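What follows is a single structure, written as structure tokens, with notes after it.
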Amino acid sequence: MDRRSFLSHSGQLLVATGLAPRMFSENPMPDYNQSCSLSFSNDWIESLLVTAPRDLPVNDAIVVNLSTSPIIYAAGAHVDSALPHRYLLILNLWYTPEETDCGIHTEHQFLEVHTQVLGTGHMQKFRENKADTLHEDVTMPPGFTHDPFFTLRSDATFSYPRLRYYSDTDCIWMAIELHPSDCCADRSRNTGES
């Protein structure tokens, strides 16, 4: 399939979350199935954030469920999970042409997973910063979200293996990032963002 045909296929991405309806208080809506378009919606892909989903019919769409329930990860030494941490959710939608190597990298200071929207790609782990040291290859068919790759260090920072995204076909995929709120507050102060 050529890129023009690939992009002309209309896709729908629903991001469902249990976020409180009051987040959209400037636009009063019913208590459930509230939706708003995400910034990367366009003529080729309709992307919606749906809050408080209930009995929501879904046809020909990929649904990503972002829960607001606490997630506790334990790896290695004991980490005090008694205090919940707040995170800023950032969603990035990416297009990569067929056989694109998105580069081996490591050390995010945020939690990240990826969801495949269209096409087929791979999330891969490496022993070193070289393609021939591949040691885990997770195939990403449409609708698939991989398990988190990070581990939690004893000082509560995140540790990532060397990893990359690689596309077999022309692909659209979404990076789901959870940034620690203290990191985001520092960023706001330094850049004037809010």
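Following the order of the structure tokens, chains are lettered A, B, ..., residues in each are numbered from 1, and ligands are numbered from 1.
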
Enumerate, as a compact mmCIF listing (two decimals) with N, CA and C atoms, in the first residue's frame, the complete set of residues in segment 57-188 of chain A that a backbone-based DSSP assignment places in strand (DSSP E or B).
```
# COMPACT_ATOMS: atom_id res chain seq x y z
N ILE A 62 -9.79 1.86 17.69
CA ILE A 62 -8.86 1.33 18.68
C ILE A 62 -9.11 2.10 19.96
N VAL A 63 -9.32 1.38 21.05
CA VAL A 63 -9.60 2.00 22.33
C VAL A 63 -8.38 1.82 23.23
N VAL A 64 -7.91 2.91 23.79
CA VAL A 64 -6.83 2.87 24.77
C VAL A 64 -7.44 3.30 26.09
N ASN A 65 -7.39 2.41 27.09
CA ASN A 65 -7.98 2.72 28.39
C ASN A 65 -6.91 3.26 29.32
N LEU A 66 -7.02 4.53 29.67
CA LEU A 66 -6.09 5.17 30.60
C LEU A 66 -6.79 5.26 31.94
N TYR A 87 1.00 12.43 38.02
CA TYR A 87 1.67 12.47 36.73
C TYR A 87 0.87 13.31 35.75
N LEU A 88 1.56 13.94 34.83
CA LEU A 88 0.94 14.65 33.73
C LEU A 88 0.91 13.70 32.54
N LEU A 89 -0.27 13.51 31.96
CA LEU A 89 -0.44 12.62 30.82
C LEU A 89 -0.19 13.39 29.53
N ILE A 90 0.72 12.88 28.71
CA ILE A 90 0.99 13.46 27.39
C ILE A 90 0.85 12.35 26.35
N LEU A 91 0.05 12.61 25.32
CA LEU A 91 -0.14 11.65 24.23
C LEU A 91 0.50 12.21 22.97
N ASN A 92 1.34 11.41 22.33
CA ASN A 92 1.97 11.82 21.07
C ASN A 92 1.61 10.80 20.00
N LEU A 93 1.06 11.27 18.89
CA LEU A 93 0.72 10.40 17.77
C LEU A 93 1.82 10.54 16.73
N TRP A 94 2.35 9.41 16.27
CA TRP A 94 3.47 9.39 15.34
C TRP A 94 3.10 8.65 14.07
N TYR A 95 3.65 9.13 12.96
CA TYR A 95 3.59 8.42 11.68
C TYR A 95 5.02 8.06 11.30
N THR A 96 5.25 6.81 10.94
CA THR A 96 6.57 6.41 10.45
C THR A 96 6.40 5.62 9.16
N ASP A 101 13.68 3.06 11.26
CA ASP A 101 14.38 2.81 12.53
C ASP A 101 14.30 4.11 13.32
N HIS A 105 17.57 4.16 22.06
CA HIS A 105 17.73 5.18 23.10
C HIS A 105 17.41 4.58 24.46
N LEU A 111 7.28 7.69 32.57
CA LEU A 111 6.78 6.36 32.24
C LEU A 111 6.23 6.42 30.82
N GLU A 112 6.48 5.37 30.04
CA GLU A 112 6.03 5.40 28.64
C GLU A 112 5.69 4.01 28.17
N VAL A 113 4.56 3.92 27.46
CA VAL A 113 4.19 2.73 26.69
C VAL A 113 3.70 3.22 25.33
N HIS A 114 3.56 2.30 24.39
CA HIS A 114 3.15 2.65 23.04
C HIS A 114 1.97 1.79 22.61
N THR A 115 1.05 2.38 21.85
CA THR A 115 -0.09 1.66 21.28
C THR A 115 0.00 1.79 19.77
N GLN A 116 -0.10 0.65 19.08
CA GLN A 116 -0.09 0.63 17.62
C GLN A 116 -1.49 0.98 17.13
N VAL A 117 -1.60 1.96 16.23
CA VAL A 117 -2.90 2.37 15.70
C VAL A 117 -3.13 1.75 14.33
N LEU A 118 -2.21 1.95 13.38
CA LEU A 118 -2.31 1.37 12.04
C LEU A 118 -0.96 0.81 11.65
N GLY A 121 4.45 -2.65 13.60
CA GLY A 121 5.78 -2.21 14.03
C GLY A 121 6.32 -3.12 15.12
N HIS A 122 7.40 -2.68 15.76
CA HIS A 122 8.05 -3.46 16.81
C HIS A 122 8.57 -2.52 17.88
N MET A 123 8.45 -2.94 19.13
CA MET A 123 9.21 -2.33 20.22
C MET A 123 10.31 -3.34 20.52
N GLN A 124 11.54 -2.85 20.57
CA GLN A 124 12.69 -3.75 20.69
C GLN A 124 13.61 -3.31 21.82
N LYS A 125 14.25 -4.32 22.47
CA LYS A 125 15.24 -4.06 23.52
C LYS A 125 16.61 -4.54 23.03
N PHE A 126 17.65 -3.81 23.44
CA PHE A 126 19.02 -4.10 23.02
C PHE A 126 19.95 -4.17 24.23
N LEU A 134 20.18 -6.95 19.60
CA LEU A 134 18.75 -7.11 19.89
C LEU A 134 18.55 -8.35 20.76
N HIS A 135 17.79 -8.21 21.86
CA HIS A 135 17.50 -9.39 22.69
C HIS A 135 16.02 -9.58 23.01
N GLU A 136 15.18 -8.62 22.63
CA GLU A 136 13.73 -8.81 22.77
C GLU A 136 13.03 -8.00 21.68
N ASP A 137 12.08 -8.65 21.00
CA ASP A 137 11.36 -8.03 19.89
C ASP A 137 9.87 -8.24 20.11
N VAL A 138 9.14 -7.16 20.39
CA VAL A 138 7.70 -7.24 20.64
C VAL A 138 6.98 -6.73 19.39
N THR A 139 6.30 -7.64 18.68
CA THR A 139 5.54 -7.25 17.49
C THR A 139 4.32 -6.44 17.92
N MET A 140 4.07 -5.34 17.19
CA MET A 140 2.99 -4.41 17.53
C MET A 140 1.95 -4.40 16.40
N THR A 145 -0.98 -2.68 22.81
CA THR A 145 -0.16 -1.85 23.69
C THR A 145 0.79 -2.79 24.41
N THR A 151 11.92 -0.29 34.75
CA THR A 151 11.93 -0.80 36.11
C THR A 151 12.09 0.41 37.02
N LEU A 152 11.76 0.22 38.27
CA LEU A 152 11.83 1.30 39.24
C LEU A 152 13.05 1.07 40.12
N PHE A 158 13.20 6.04 37.29
CA PHE A 158 12.91 5.00 36.31
C PHE A 158 14.18 4.57 35.59
N SER A 159 14.26 3.30 35.28
CA SER A 159 15.38 2.77 34.52
C SER A 159 14.82 2.07 33.28
N ARG A 162 17.99 -0.20 26.73
CA ARG A 162 18.13 0.41 25.40
C ARG A 162 16.96 -0.12 24.57
N LEU A 163 16.24 0.78 23.94
CA LEU A 163 15.04 0.38 23.21
C LEU A 163 14.86 1.22 21.96
N ARG A 164 14.00 0.74 21.07
CA ARG A 164 13.62 1.53 19.89
C ARG A 164 12.29 1.04 19.37
N TYR A 165 11.66 1.91 18.56
CA TYR A 165 10.49 1.53 17.78
C TYR A 165 10.98 1.35 16.35
N TYR A 166 10.51 0.29 15.69
CA TYR A 166 10.87 0.02 14.30
C TYR A 166 9.58 -0.33 13.56
N SER A 167 9.38 0.27 12.37
CA SER A 167 8.15 0.00 11.60
C SER A 167 8.43 -0.98 10.47
N CYS A 171 3.25 3.18 9.41
CA CYS A 171 2.61 3.00 10.71
C CYS A 171 2.15 4.31 11.32
N ILE A 172 1.09 4.20 12.09
CA ILE A 172 0.69 5.26 13.01
C ILE A 172 0.67 4.60 14.39
N TRP A 173 1.35 5.22 15.33
CA TRP A 173 1.41 4.68 16.69
C TRP A 173 1.39 5.83 17.68
N MET A 174 0.98 5.52 18.91
CA MET A 174 0.84 6.56 19.92
C MET A 174 1.76 6.26 21.10
N ALA A 175 2.53 7.27 21.50
CA ALA A 175 3.33 7.20 22.72
C ALA A 175 2.48 7.76 23.85
N ILE A 176 2.32 6.98 24.90
CA ILE A 176 1.56 7.40 26.09
C ILE A 176 2.59 7.66 27.17
N GLU A 177 2.74 8.92 27.56
CA GLU A 177 3.77 9.33 28.51
C GLU A 177 3.14 9.82 29.80
N LEU A 178 3.66 9.37 30.92
CA LEU A 178 3.26 9.86 32.23
C LEU A 178 4.48 10.55 32.85
N HIS A 179 4.42 11.88 32.89
CA HIS A 179 5.53 12.68 33.41
C HIS A 179 5.27 13.01 34.87
N PRO A 180 6.27 12.79 35.75
CA PRO A 180 6.07 13.16 37.16
C PRO A 180 5.68 14.63 37.26
```

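Coordinates place atom CA of Pro142 of chain A at a distance of 24.7 Å from atom CA of His108 of chain A.
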
## Note on the structure
As a check of understanding: the span from atom CA of Tyr32 of chain A to atom CA of Val58 of chain A is 15.0 Å

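Across the model, the gap from atom CA of Thr51 of chain A to atom CA of Cys36 of chain A is 8.9 Å.
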